[in-house]
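Just below is one structure, and these are the notes that go with it.
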Amino acid sequence: MNKIIGSVQAGHMDFKIGLAEDTDAALIRDLLVETATWMNAAGIEQWYPQQFTEELIQSYLREREIFLCMDGDVPAGMFTLQSSDPDYWGELNDESFHYLHRLLVRASYRGIGLSRALIYWAARYSKEQGKQGLRFDCWDQNRKLNPYYESLGMVPQGKGTIGERKYILYQMAPDVYKSV
């Protein structure tokens, strides 16, 4: 990551946000596998370590913007943004929105409000890019994240299914998007 494009504060700490590059592929994969391993150990069957292959990470680098959140030289979190998400949003897909995926905060940084800071930063970035709003999805059985997202101003827009997995579609409320 060479290009720092922003910053956030959480828990009295300052973090830099930068765009990932091809050379960050192994780091990105490590972060995703680490988080998926933690999720599985906690009984959250949303991500699986084996799904994050080198090929998948390369496709993310080609098809999405990947943002790394850094505490100095230590990665604290990440997320991706894309301008289209027909796989999840189907006929509701609208390229005038940004679609956030793979939001994660490493264990040592949880509980300080970093995920909230990253979501709101992603919304501000989306506005700067001329997007109408911020959207994402979450597995419908994630009993912790779904209420949390709604507490941040995310409004359910419907539900979907891929294979046997059901998910909730979220969009940041227009008044929240406007104010962040």
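Simple scheme: letters A, B, ... for chains in structure tokens order, numbers from 1 for residues in each chain, numbers from 1 for ligands in the order shown.
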Near-A:Gly11 list (10 Å; only C-alpha atoms; drop same-chain fewer than 3 positions) as a PyMOL selection string: chain A and resi 14+109-114
Distance query stretch 45-57 of chain A at most 6 Å, only C-alpha atoms, self and fewer than 4 positions along chain excluded, as a list of chain:residue names: A:Val33, A:Ala36, A:Thr37, A:Asn40
Kindly save the residues from that selection, with all heavy atoms included, as a JSON list (two decimals), in the first residue's frame.
[["chain", "number", "residue", "atom", "x", "y", "z"],
["A", 33, "VAL", "N", -8.42, -14.69, 6.05],
["A", 33, "VAL", "CA", -8.35, -16.04, 6.64],
["A", 33, "VAL", "C", -8.37, -15.95, 8.16],
["A", 33, "VAL", "O", -9.07, -16.71, 8.84],
["A", 33, "VAL", "CB", -7.12, -16.81, 6.12],
["A", 33, "VAL", "CG1", -6.86, -18.06, 6.93],
["A", 33, "VAL", "CG2", -7.29, -17.15, 4.64],
["A", 36, "ALA", "N", -11.95, -15.13, 9.17],
["A", 36, "ALA", "CA", -12.83, -16.27, 8.94],
["A", 36, "ALA", "C", -12.59, -17.37, 9.97],
["A", 36, "ALA", "O", -13.55, -17.99, 10.46],
["A", 36, "ALA", "CB", -12.62, -16.82, 7.53],
["A", 37, "THR", "N", -11.35, -17.59, 10.35],
["A", 37, "THR", "CA", -11.01, -18.58, 11.38],
["A", 37, "THR", "C", -11.63, -18.18, 12.72],
["A", 37, "THR", "O", -12.22, -19.01, 13.41],
["A", 37, "THR", "CB", -9.49, -18.73, 11.49],
["A", 37, "THR", "OG1", -8.97, -19.14, 10.20],
["A", 37, "THR", "CG2", -9.10, -19.76, 12.53],
["A", 40, "ASN", "N", -15.48, -18.71, 12.55],
["A", 40, "ASN", "CA", -15.85, -20.13, 12.68],
["A", 40, "ASN", "C", -15.72, -20.59, 14.11],
["A", 40, "ASN", "O", -16.59, -21.30, 14.63],
["A", 40, "ASN", "CB", -15.02, -20.98, 11.74],
["A", 40, "ASN", "CG", -15.38, -20.80, 10.27],
["A", 40, "ASN", "OD1", -14.91, -21.54, 9.44],
["A", 40, "ASN", "ND2", -16.21, -19.83, 9.94]]
DSSP alpha helix (DSSP H) selection over chain A, as a VMD selection string: chain A and resid 25 to 41 54 to 63 86 to 89 114 to 128 145 to 151 174 to 179
Hey, can you spit out that residue selection with C-alpha atoms as a PDB file, in the first residue's frame?
ATOM      1  CA  ALA A  25      -2.391  -9.757  -1.954  1.00  0.00           C
ATOM      2  CA  ALA A  26      -0.800 -12.008   0.698  1.00  0.00           C
ATOM      3  CA  LEU A  27      -1.638  -9.519   3.475  1.00  0.00           C
ATOM      4  CA  ILE A  28      -5.249  -9.257   2.298  1.00  0.00           C
ATOM      5  CA  ARG A  29      -5.585 -13.029   2.197  1.00  0.00           C
ATOM      6  CA  ASP A  30      -4.033 -13.362   5.672  1.00  0.00           C
ATOM      7  CA  LEU A  31      -6.475 -10.803   7.120  1.00  0.00           C
ATOM      8  CA  LEU A  32      -9.476 -12.551   5.582  1.00  0.00           C
ATOM      9  CA  VAL A  33      -8.353 -16.037   6.637  1.00  0.00           C
ATOM     10  CA  GLU A  34      -7.605 -14.811  10.183  1.00  0.00           C
ATOM     11  CA  THR A  35     -11.068 -13.274  10.469  1.00  0.00           C
ATOM     12  CA  ALA A  36     -12.834 -16.274   8.937  1.00  0.00           C
ATOM     13  CA  THR A  37     -11.013 -18.581  11.377  1.00  0.00           C
ATOM     14  CA  TRP A  38     -12.133 -16.416  14.304  1.00  0.00           C
ATOM     15  CA  MET A  39     -15.717 -16.341  12.982  1.00  0.00           C
ATOM     16  CA  ASN A  40     -15.854 -20.126  12.680  1.00  0.00           C
ATOM     17  CA  ALA A  41     -14.447 -20.582  16.206  1.00  0.00           C
ATOM     18  CA  GLU A  54      -5.085 -16.664  -4.021  1.00  0.00           C
ATOM     19  CA  GLU A  55      -7.257 -16.606  -7.153  1.00  0.00           C
ATOM     20  CA  LEU A  56     -10.145 -15.005  -5.271  1.00  0.00           C
ATOM     21  CA  ILE A  57      -7.879 -12.321  -3.822  1.00  0.00           C
ATOM     22  CA  GLN A  58      -6.517 -11.586  -7.300  1.00  0.00           C
ATOM     23  CA  SER A  59     -10.095 -11.191  -8.564  1.00  0.00           C
ATOM     24  CA  TYR A  60     -10.798  -8.743  -5.723  1.00  0.00           C
ATOM     25  CA  LEU A  61      -7.753  -6.710  -6.726  1.00  0.00           C
ATOM     26  CA  ARG A  62      -8.983  -6.602 -10.332  1.00  0.00           C
ATOM     27  CA  GLU A  63     -12.666  -5.946  -9.695  1.00  0.00           C
ATOM     28  CA  PRO A  86     -25.750  -7.938  -9.257  1.00  0.00           C
ATOM     29  CA  ASP A  87     -25.009 -11.284  -7.585  1.00  0.00           C
ATOM     30  CA  TYR A  88     -26.551 -10.073  -4.323  1.00  0.00           C
ATOM     31  CA  TRP A  89     -28.771  -7.185  -5.383  1.00  0.00           C
ATOM     32  CA  LEU A 114     -13.269   1.107  14.283  1.00  0.00           C
ATOM     33  CA  SER A 115     -15.849  -0.724  12.165  1.00  0.00           C
ATOM     34  CA  ARG A 116     -18.258   2.198  12.560  1.00  0.00           C
ATOM     35  CA  ALA A 117     -15.492   4.629  11.628  1.00  0.00           C
ATOM     36  CA  LEU A 118     -14.667   2.573   8.529  1.00  0.00           C
ATOM     37  CA  ILE A 119     -18.297   2.335   7.400  1.00  0.00           C
ATOM     38  CA  TYR A 120     -18.782   6.088   7.775  1.00  0.00           C
ATOM     39  CA  TRP A 121     -15.456   6.765   6.044  1.00  0.00           C
ATOM     40  CA  ALA A 122     -16.598   4.512   3.171  1.00  0.00           C
ATOM     41  CA  ALA A 123     -19.797   6.574   2.960  1.00  0.00           C
ATOM     42  CA  ARG A 124     -17.851   9.851   2.785  1.00  0.00           C
ATOM     43  CA  TYR A 125     -15.548   8.394   0.138  1.00  0.00           C
ATOM     44  CA  SER A 126     -18.587   7.204  -1.827  1.00  0.00           C
ATOM     45  CA  LYS A 127     -20.076  10.707  -1.734  1.00  0.00           C
ATOM     46  CA  GLU A 128     -16.759  12.122  -2.991  1.00  0.00           C
ATOM     47  CA  LEU A 145     -24.009  -7.678  13.153  1.00  0.00           C
ATOM     48  CA  ASN A 146     -27.514  -7.141  11.804  1.00  0.00           C
ATOM     49  CA  PRO A 147     -28.745  -5.122  14.824  1.00  0.00           C
ATOM     50  CA  TYR A 148     -25.389  -3.327  14.938  1.00  0.00           C
ATOM     51  CA  TYR A 149     -25.676  -2.250  11.290  1.00  0.00           C
ATOM     52  CA  GLU A 150     -29.201  -1.007  11.857  1.00  0.00           C
ATOM     53  CA  SER A 151     -27.982   1.011  14.865  1.00  0.00           C
ATOM     54  CA  PRO A 174     -30.275   8.887   3.064  1.00  0.00           C
ATOM     55  CA  ASP A 175     -30.206  11.295   6.026  1.00  0.00           C
ATOM     56  CA  VAL A 176     -27.294   9.391   7.607  1.00  0.00           C
ATOM     57  CA  TYR A 177     -25.455   9.253   4.262  1.00  0.00           C
ATOM     58  CA  LYS A 178     -25.934  12.981   3.833  1.00  0.00           C
ATOM     59  CA  SER A 179     -24.678  13.773   7.339  1.00  0.00           C
TER      60      SER A 179
END
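You will find atom CA of A:Leu81 at 26.5 Å from atom CA of A:Gly43.
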Residue contacts of A:Gly158 (10 Å, only C-alpha atoms) excluding same-chain residues fewer than 3 positions away, as a PyMOL selection string: chain A and resi 89+92+137+155+167-171
How about saving the chosen residues, N, CA and C atoms kept, as a PDB file, in the first residue's frame?
ATOM      1  N   TRP A  89     -27.679  -8.143  -5.294  1.00  0.00           N
ATOM      2  CA  TRP A  89     -28.771  -7.185  -5.383  1.00  0.00           C
ATOM      3  C   TRP A  89     -29.729  -7.449  -6.545  1.00  0.00           C
ATOM      4  N   LEU A  92     -32.338  -5.020  -8.171  1.00  0.00           N
ATOM      5  CA  LEU A  92     -32.164  -3.787  -7.401  1.00  0.00           C
ATOM      6  C   LEU A  92     -30.762  -3.197  -7.559  1.00  0.00           C
ATOM      7  N   ASP A 137     -24.503  -6.191   2.265  1.00  0.00           N
ATOM      8  CA  ASP A 137     -25.361  -7.284   2.680  1.00  0.00           C
ATOM      9  C   ASP A 137     -24.739  -7.959   3.889  1.00  0.00           C
ATOM     10  N   VAL A 155     -30.554   0.609   6.647  1.00  0.00           N
ATOM     11  CA  VAL A 155     -31.959   0.259   6.532  1.00  0.00           C
ATOM     12  C   VAL A 155     -32.090  -0.984   5.652  1.00  0.00           C
ATOM     13  N   TYR A 167     -29.493 -13.776   3.098  1.00  0.00           N
ATOM     14  CA  TYR A 167     -28.839 -12.552   3.533  1.00  0.00           C
ATOM     15  C   TYR A 167     -29.830 -11.397   3.507  1.00  0.00           C
ATOM     16  N   ILE A 168     -29.470 -10.346   4.234  1.00  0.00           N
ATOM     17  CA  ILE A 168     -30.249  -9.113   4.285  1.00  0.00           C
ATOM     18  C   ILE A 168     -29.490  -8.052   3.501  1.00  0.00           C
ATOM     19  N   LEU A 169     -30.211  -7.327   2.676  1.00  0.00           N
ATOM     20  CA  LEU A 169     -29.642  -6.216   1.919  1.00  0.00           C
ATOM     21  C   LEU A 169     -29.826  -4.935   2.729  1.00  0.00           C
ATOM     22  N   TYR A 170     -28.754  -4.177   2.862  1.00  0.00           N
ATOM     23  CA  TYR A 170     -28.796  -2.919   3.614  1.00  0.00           C
ATOM     24  C   TYR A 170     -28.378  -1.753   2.740  1.00  0.00           C
ATOM     25  N   GLN A 171     -28.993  -0.612   3.026  1.00  0.00           N
ATOM     26  CA  GLN A 171     -28.579   0.649   2.428  1.00  0.00           C
ATOM     27  C   GLN A 171     -28.540   1.684   3.538  1.00  0.00           C
TER      28      GLN A 171
END
Using only C-alpha atoms: which of A:Met172, A:Ala10, A:Val180, A:Cys69 has the shortest distance to A:Leu100: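 Ranked by minimum distance to A:Leu100, first place goes to A:Met172.
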Nearest candidate to A:Thr80 (options A:Gly18, A:Met154, A:Gln141, A:Asp94; using only C-alpha atoms):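 Of A:Gly18, A:Met154, A:Gln141, A:Asp94, the one nearest A:Thr80, counting only C-alpha atoms, is A:Gly18.
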Pick from A:Ile162, A:Leu134, A:Leu103, A:Leu19, whichever lies nearest to A:Ile66 using only C-alpha atoms: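 Smallest separation from A:Ile66 among the options: A:Leu19.
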